[in-house]
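Student: Handing you this structure, nothing more for now.
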2 protein chains.
Amino acid sequence: MSIEINKLKVNYKTLEEFKKFKEYGIQELSMSEDLEANIIENDSESPFYGIYFGDKLVARMSVYQVNAKYNRYFEPPVDYLEIWKLEVLPEYQGKGYGTALVEFAKGFKMPIKTNPRIKSRSFWEKMGFQSVNYDMDRDLGENPLIWHPDGVKEAKV
Amino acid sequence: MSIEINKLKVNYKTLEEFKKFKEYGIQELSMSEDLEANIIENDSESPFYGIYFGDKLVARMSVYQVNAKYNRYFEPPVDYLEIWKLEVLPEYQGKGYGTALVEFAKGFKMPIKTNPRIKSRSFWEKMGFQSVNYDMDRDLGENPLIWHPDGVKEAKV
């Protein structure tokens with residue numbers, strides 16, 4: 001069975017679904033406020049992709065293209081993707097939804113960085129991600145994991 | 001009773017104590033490897049401060065001075081402190097150790113940024129920290145909280 005990845009629009013239904021996810025923070029609160037204040041329109045673009053089971057959102061991730069000028073992780077210093085808030089609702093785990101989301105992101109053929117919860121490390125390693133060489137000045141409290149397509153490698157720090 | 005804040009040196013005893021803390025990640029692994037490979041000396045400087053109960057480390061935080069050129073949070077764009085891995089071992093919570101560490105950091109009279117676990121938000125608010133105005137390009141998956149001394153304010157995004 002193929003898994004369909006949807007780019008999520010900002011609307012009241014999506015924001016209500018987001019409340020079920022653990023990693024709900026000021027990003028979502030800011031989206032809610034902007035929608036309510038008409039700063040952004042209903043069904044505006046968002047950085048979120050998700051998977052529905054019926055009409056219920058059961059998995060999501062946020063993906064953002066970071067400009068090459070801020071690239072401190074990869075050589076050559078190309079644009080890269082940052083993934084955060086990759087999360088599958090507990091009762092829908094183990095069905096390949098997380099894998100499908102990460103494979104979708106890899107499909108953009110750009111290097112990827114993420115700073116996952118420590119407990120998800122084995123998942124990311126299975127997906128081909130590896131720890132960076134820790135650099136305090138750059139990484140501070142992060143535990144970054146990276147993946148890169150052919151032709152790109154980890155930057156020296 | 002006054003609480004004594006110690007600057008922690010990198011040595012085998014400290015690194016062993018760090019294993020008791022939940023937020024143990026590649027920063028600590030990197031310190032261990034550097035110590036074992038003699039890349040850094042025993043009792044080298046570290047960014048960690050801690051509180052002992054007897055000879056047991058029961059609370060810690062990491063503090064790093066971020067150069068003004070990377071300042072995207074405060075105006076004027078001065079150097080600021082980033083705090084991470086503020087943590088008190090469960091059986092020692094509620095004794096003011098976390099508060100003492102944050103007050104110690106405030107004593108440097110520089111603005112402070114942290115990106116705490118969501119569940120610790122009420123603690124940080126009690127300490128006078130407030131949410132930034134979320135900016136995706138800058139904050140990505142973070143939920144930054146800031147505090148600033150007189151004369152410094154939040155930067156517009």
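Ordering of the structure tokens sets the chain letters (A, B, ...), residue numbers begin anew at 1 in every chain, and ligands are numbered from 1 in the order given.
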Based on only C-alpha atoms, which of the residues in chain A come within 8 Å of chain B? I want them as number ranges by chain.

Tutor: A: 25-27, 30, 64, 66, 82, 84-85, 118, 131, 133-134, 136-137, 140-141, 143

Student: Write out as a VMD selection string all residues of range 95-139 of chain B that DSSP puts in alpha helix (DSSP H) for this structure's backbone.

Tutor: chain B and resid 97 to 106 121 to 126 136 to 139

Student: When you draw a straight line from CA of Phe21 in chain B to CA of Arg72 in chain A, how long is it in Å?

Tutor: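 Computed distance, CA of Phe21 in chain B to CA of Arg72 in chain A, equals 28.4 Å.
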
Student: In Å, how far is it from CA of Thr99 in chain A to CA of Met127 in chain A?

Tutor: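 According to the coordinates, CA of Thr99 in chain A and CA of Met127 in chain A are separated by 7.3 Å.
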
Student: Where in chain A does DSSP assign strand (DSSP E), given as a VMD selection string?

Tutor: chain A and resid 6 to 7 48 to 53 56 to 66 74 to 75 80 to 88 112 to 114 130 to 131 145 to 147 153 to 154

Student: So that I can check the surroundings of range 100-113 of chain B, please list as a PyMOL selection string every protein, DNA and RNA residue that reaches within 7 Å of it, counting only C-alpha atoms and ignoring chain neighbours fewer than 3 positions away.

Tutor: chain B and resi 80-83+96-97+144-149
